[in-house]
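As provided, structure_39.txt (compact mmCIF, C-alpha atoms) reads as follows.
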# COMPACT_ATOMS: atom_id res chain seq x y z
CA MET A 1 109.72 -128.49 10.84
CA GLU A 2 108.49 -125.01 11.80
CA HIS A 3 108.98 -123.86 8.18
CA VAL A 4 106.75 -126.72 6.94
CA ASN A 5 103.99 -125.79 9.43
CA THR A 6 104.16 -122.15 8.31
CA ILE A 7 103.83 -123.16 4.66
CA HIS A 8 100.89 -125.45 5.49
CA GLN A 9 99.12 -122.67 7.44
CA SER A 10 99.75 -120.22 4.60
CA GLU A 11 98.28 -122.63 2.03
CA GLU A 12 95.27 -123.31 4.27
CA THR A 13 94.66 -119.58 4.73
CA SER A 14 94.90 -118.85 1.00
CA THR A 15 92.54 -121.75 0.31
CA LEU A 16 90.13 -120.35 2.92
CA TYR A 17 90.15 -116.94 1.26
CA GLN A 18 89.77 -118.49 -2.21
CA ALA A 19 86.77 -120.52 -1.04
CA ALA A 20 85.25 -117.48 0.69
CA ILE A 21 85.75 -115.29 -2.39
CA ARG A 22 84.20 -117.98 -4.60
CA ALA A 23 81.18 -118.24 -2.26
CA GLY A 24 80.93 -114.44 -2.08
CA LEU A 25 81.03 -114.11 -5.87
CA ILE A 26 78.27 -116.66 -6.29
CA LEU A 27 76.21 -115.10 -3.53
CA GLY A 28 76.74 -111.58 -4.91
CA LEU A 29 75.72 -112.66 -8.39
CA ILE A 30 72.61 -114.39 -7.00
CA SER A 31 71.72 -111.25 -5.04
CA THR A 32 72.25 -108.99 -8.05
CA ALA A 33 70.25 -111.34 -10.29
CA ILE A 34 67.36 -111.33 -7.80
CA THR A 35 67.45 -107.53 -7.65
CA PHE A 36 67.36 -107.17 -11.44
CA LEU A 37 64.70 -109.87 -11.79
CA VAL A 38 62.49 -108.14 -9.23
CA TYR A 39 63.13 -104.82 -11.01
CA PHE A 40 61.90 -106.24 -14.29
CA ILE A 41 58.87 -107.95 -12.69
CA ASP A 42 57.69 -105.13 -10.38
CA PHE A 43 60.20 -102.46 -9.37
CA THR A 44 58.05 -101.33 -6.42
CA LEU A 45 58.95 -104.58 -4.66
CA LEU A 46 62.51 -103.23 -4.33
CA ALA A 47 61.18 -100.90 -1.62
CA SER A 48 59.56 -103.82 0.22
CA GLY A 49 60.95 -105.06 3.49
CA TRP A 50 59.82 -108.60 2.67
CA LEU A 51 62.16 -108.77 -0.30
CA GLY A 52 65.03 -107.76 1.96
CA PHE A 53 64.17 -110.42 4.54
CA GLY A 54 63.77 -113.09 1.87
CA SER A 55 67.09 -112.19 0.24
CA PHE A 56 68.75 -112.16 3.65
CA ALA A 57 67.50 -115.67 4.44
CA ILE A 58 68.75 -116.94 1.07
CA MET A 59 72.11 -115.27 1.69
CA LEU A 60 72.56 -116.92 5.09
CA ALA A 61 71.56 -120.33 3.74
CA VAL A 62 74.04 -120.07 0.84
CA VAL A 63 76.91 -119.04 3.16
CA ILE A 64 76.12 -121.96 5.48
CA TYR A 65 76.02 -124.35 2.53
CA PHE A 66 79.35 -123.17 1.10
CA GLY A 67 80.91 -123.05 4.58
CA ILE A 68 79.97 -126.66 5.27
CA GLU A 69 81.20 -127.69 1.81
CA TYR A 70 84.55 -125.98 2.48
CA ARG A 71 84.74 -127.63 5.90
CA LYS A 72 84.28 -131.02 4.21
CA GLU A 73 87.02 -130.15 1.69
CA ILE A 74 89.56 -129.51 4.43
CA GLY A 75 88.87 -132.69 6.35
CA GLY A 76 85.52 -132.19 8.04
CA PHE A 77 86.67 -129.94 10.88
CA MET A 78 86.99 -126.16 11.14
CA SER A 79 87.70 -123.91 14.08
CA PHE A 80 85.38 -121.05 14.94
CA GLY A 81 88.03 -118.55 13.85
CA LYS A 82 88.33 -120.07 10.38
CA ALA A 83 84.53 -120.38 10.07
CA PHE A 84 84.17 -116.71 11.07
CA GLN A 85 86.80 -115.63 8.53
CA PHE A 86 85.15 -117.66 5.79
CA SER A 87 81.70 -116.24 6.55
CA PHE A 88 82.91 -112.65 6.91
CA PHE A 89 84.86 -112.59 3.65
CA ALA A 90 82.05 -114.32 1.75
CA LEU A 91 79.53 -111.77 3.05
CA VAL A 92 81.77 -108.77 2.31
CA VAL A 93 82.51 -109.94 -1.26
CA SER A 94 78.79 -110.55 -1.76
CA ALA A 95 77.91 -107.10 -0.40
CA LEU A 96 80.49 -105.49 -2.69
CA ILE A 97 79.07 -107.17 -5.79
CA ALA A 98 75.48 -106.40 -4.76
CA SER A 99 76.44 -102.75 -4.16
CA ILE A 100 78.02 -102.49 -7.60
CA GLY A 101 74.87 -104.03 -9.08
CA SER A 102 72.72 -101.51 -7.21
CA ILE A 103 74.82 -98.59 -8.40
CA LEU A 104 74.46 -99.82 -11.98
CA LEU A 105 70.70 -100.30 -11.62
CA PHE A 106 69.98 -96.98 -9.92
CA ASN A 107 72.39 -94.80 -11.93
CA VAL A 108 72.89 -96.44 -15.32
CA VAL A 109 69.98 -98.76 -16.15
CA ASP A 110 67.22 -96.55 -14.69
CA PRO A 111 68.39 -93.19 -13.29
CA ASN A 112 64.76 -92.26 -12.44
CA LEU A 113 64.34 -95.32 -10.24
CA PRO A 114 65.68 -93.71 -7.03
CA VAL A 115 62.93 -91.06 -7.16
CA THR A 116 60.22 -93.63 -7.86
CA LEU A 117 61.43 -95.99 -5.13
CA GLY A 118 61.82 -93.08 -2.72
CA ASP A 119 58.18 -92.15 -3.32
CA VAL A 120 57.05 -95.77 -2.82
CA GLN A 121 59.09 -96.01 0.37
CA LEU A 122 57.61 -92.74 1.64
CA GLU A 123 54.08 -93.97 0.92
CA ASN A 124 54.80 -97.23 2.75
CA THR A 125 56.26 -95.38 5.73
CA LEU A 126 53.35 -92.94 5.94
CA ALA A 127 50.86 -95.83 5.72
CA ILE A 128 52.58 -97.57 8.63
CA MET A 129 52.67 -94.33 10.63
CA ASP A 130 49.00 -93.76 9.84
CA ARG A 131 48.12 -97.19 11.29
CA PHE A 132 49.72 -96.06 14.53
CA GLY A 133 48.07 -92.64 14.34
CA ALA A 134 51.33 -90.75 13.94
CA ALA A 135 51.14 -89.64 10.29
CA ASP A 136 49.18 -86.47 11.13
CA ALA A 137 51.93 -85.35 13.51
CA LEU A 138 54.37 -84.77 10.62
CA SER A 139 54.76 -81.37 9.02
CA ALA A 140 55.23 -80.88 5.28
CA ASP A 141 58.91 -80.06 5.91
CA GLN A 142 59.41 -83.31 7.82
CA ILE A 143 57.76 -85.30 5.02
CA ASP A 144 59.99 -83.58 2.43
CA GLU A 145 63.03 -84.35 4.58
CA MET A 146 62.00 -88.02 4.75
CA ARG A 147 61.42 -88.09 0.98
CA ASN A 148 64.88 -86.65 0.28
CA GLY A 149 66.42 -89.15 2.68
CA PHE A 150 64.77 -92.00 0.79
CA TYR A 151 66.01 -90.59 -2.53
CA ASP A 152 69.54 -90.31 -1.16
CA ASN A 153 69.57 -93.98 -0.13
CA TYR A 154 69.51 -95.00 -3.79
CA LYS A 155 72.19 -92.59 -5.03
CA ILE A 156 75.86 -93.62 -5.25
CA VAL A 157 76.72 -92.05 -1.89
CA GLY A 158 73.76 -93.82 -0.25
CA VAL A 159 74.75 -97.19 -1.70
CA VAL A 160 78.34 -96.67 -0.51
CA LYS A 161 77.08 -95.79 2.99
CA SER A 162 74.92 -98.90 2.92
CA PHE A 163 77.97 -100.95 1.98
CA GLY A 164 79.72 -99.61 5.09
CA PHE A 165 76.81 -100.74 7.25
CA LEU A 166 76.80 -104.08 5.43
CA ILE A 167 80.42 -104.63 6.45
CA ILE A 168 79.50 -104.06 10.09
CA GLY A 169 76.47 -106.33 9.72
CA SER A 170 78.64 -108.93 8.00
CA ALA A 171 80.92 -109.07 11.03
CA PHE A 172 77.95 -109.63 13.33
CA PHE A 173 76.32 -112.30 11.17
CA ALA A 174 79.68 -113.97 10.52
CA LEU A 175 79.88 -114.58 14.27
CA ILE A 176 76.57 -116.42 14.14
CA LEU A 177 77.46 -118.27 10.95
CA GLY A 178 80.85 -119.18 12.40
CA VAL A 179 79.12 -120.94 15.27
CA ILE A 180 76.91 -122.85 12.83
CA ILE A 181 79.71 -123.82 10.41
CA LYS A 182 82.47 -124.73 12.88
CA LYS A 183 83.06 -128.31 13.87
CA ARG A 184 85.57 -129.39 16.46
CA ASP A 185 87.62 -132.58 16.12
CA LYS A 186 86.55 -134.38 19.29
CA SER A 187 89.21 -137.07 18.82
CA LEU A 188 91.80 -134.48 19.91
CA ASP A 189 90.07 -134.00 23.29
CA MET A 190 91.81 -135.75 26.16

Can you dump the structure from the file as structure tokens?
Amino acid sequence: MEHVNTIHQSEETSTLYQAAIRAGLILGLISTAITFLVYFIDFTLLASGWLGFGSFAIMLAVVIYFGIEYRKEIGGFMSFGKAFQFSFFALVVSALIASIGSILLFNVVDPNLPVTLGDVQLENTLAIMDRFGAADALSADQIDEMRNGFYDNYKIVGVVKSFGFLIIGSAFFALILGVIIKKRDKSLDM
């Protein structure tokens, strides 16, 4: 009997990972498609914070949708642990695909894009600092250092570093998504 339970748990876990990978692939392809579409429409929007927030909201909604669909597939109930695992793996797979897409865009499709986006990002940052009266406090060396930092964010090493931060962020947001996706079988309560 114990052997049968172990096999059932193993099948359920592999199905969970398969569903999470499928959701992550779809989400990663959507994210990459949005990035390339925005690039072709107006590449300066890639340096916009609003695009990041909008993409983030879409990402969370898609993970919730696929998580609830998977929960329905397995009988309508899912523990927090399983919901967290599903969300985390979907987000990590998505981040991996989006990172690969970014590396291709910034280093193969348009190698000059990191410099252009770095300049746009610097202009945006200086405009914000100017609104707060802090832009005049920066020296030319500090501005050059900021500019180089923005350039580095779009290079391969910068995208890989971002992927590392995305993994950490994925763990945090998977906790929140796990709470949203989970559903306890109340008939088991006594």

Exercise. Could you pull the residues within 9 Å of Lys182 in chain A, counting all atoms listed in the file, minus those fewer than 3 positions along the same chain, as a PyMOL selection string?
Worked result: chain A and resi 67-68+71+77-84+177-179

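Proximity to Ala23 in chain A at 10 Å, evaluated using only C-alpha atoms and with sequence-adjacent residues fewer than 6 positions away removed, yields Tyr17, Leu29, Val62, Val63, Ile64, Tyr65, Phe66, Gly67, Tyr70, Phe86, Ser87, Phe89, Ala90, Leu91, Val93 and Ser94 of chain A.
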
Can you check which parts of range 56-82 of chain A lie within 12 Å of range 153-171 of chain A? Per residue, the shortest pair of atoms and distance in Å to one decimal, counting only C-alpha atoms, sorted by chain and number, as a tab-separated table.
residue	atom	partner	partner_atom	distance
A:Phe56	CA	A:Ser170	CA	11.3
A:Met59	CA	A:Ser170	CA	11.1
A:Leu60	CA	A:Ser170	CA	10.5
A:Val63	CA	A:Ser170	CA	11.3

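Between CA of Ile26 in chain A and CA of Leu117 in chain A the interatomic distance comes to 26.7 Å.
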
When you look at Asp42 in chain A with a cut-off of 12 Å (counting only C-alpha atoms), what residues show up, excluding the ones that are within fewer than 5 positions of it in the same chain? I need them as a PDB file with C-alpha atoms, in the coordinates of the input.
ATOM      1  CA  ILE A  34      67.360-111.330  -7.800  1.00  0.00           C
ATOM      2  CA  THR A  35      67.450-107.530  -7.650  1.00  0.00           C
ATOM      3  CA  PHE A  36      67.360-107.170 -11.440  1.00  0.00           C
ATOM      4  CA  LEU A  37      64.700-109.870 -11.790  1.00  0.00           C
ATOM      5  CA  ALA A  47      61.180-100.900  -1.620  1.00  0.00           C
ATOM      6  CA  SER A  48      59.560-103.820   0.220  1.00  0.00           C
ATOM      7  CA  LEU A  51      62.160-108.770  -0.300  1.00  0.00           C
ATOM      8  CA  LEU A 113      64.340 -95.320 -10.240  1.00  0.00           C
ATOM      9  CA  LEU A 117      61.430 -95.990  -5.130  1.00  0.00           C
TER      10      LEU A 117
END

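You will find CA of Leu105 in chain A at 24.0 Å from CA of Glu145 in chain A.
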
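Of the listed residues A:Val38, A:Ile181, A:Val115, A:Ala19, the one whose atoms come nearest to Asp152 in chain A is A:Val115, with distances taken using all atoms listed in the file.
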
Problem set entry | Shell around Ile143 in chain A at 12 Å using only C-alpha atoms, local window under 6 positions removed, as a PyMOL selection string | chain A and resi 118-119+121-123+125-126+129+135-137+149-150

Using C-alpha atoms, can you export the residues from the last selection as an mmCIF file, keeping the file's coordinate frame?
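The new file out21.cif reads:
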data_model
loop_
_atom_site.group_PDB
_atom_site.id
_atom_site.type_symbol
_atom_site.label_atom_id
_atom_site.label_comp_id
_atom_site.auth_asym_id
_atom_site.auth_seq_id
_atom_site.Cartn_x
_atom_site.Cartn_y
_atom_site.Cartn_z
ATOM 1 C CA GLY A 118 61.820 -93.080 -2.720
ATOM 2 C CA ASP A 119 58.180 -92.150 -3.320
ATOM 3 C CA GLN A 121 59.090 -96.010 0.370
ATOM 4 C CA LEU A 122 57.610 -92.740 1.640
ATOM 5 C CA GLU A 123 54.080 -93.970 0.920
ATOM 6 C CA THR A 125 56.260 -95.380 5.730
ATOM 7 C CA LEU A 126 53.350 -92.940 5.940
ATOM 8 C CA MET A 129 52.670 -94.330 10.630
ATOM 9 C CA ALA A 135 51.140 -89.640 10.290
ATOM 10 C CA ASP A 136 49.180 -86.470 11.130
ATOM 11 C CA ALA A 137 51.930 -85.350 13.510
ATOM 12 C CA GLY A 149 66.420 -89.150 2.680
ATOM 13 C CA PHE A 150 64.770 -92.000 0.790
#

Exercise. Please, what distance in Å, to one decimal, runs between CA of Ser102 in chain A and CA of Thr44 in chain A?
Worked result: 14.7 Å

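Proximity ranking of A:Gly133, A:Pro114, A:Gly101, A:Gly54 relative to Asn148 in chain A places A:Pro114 first, based on only C-alpha atoms.
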
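Each of A:Asp141, A:Arg147, A:Val120, A:Phe132 was compared to Phe43 in chain A using all atoms listed in the file, and A:Val120 turns out to be the nearest.
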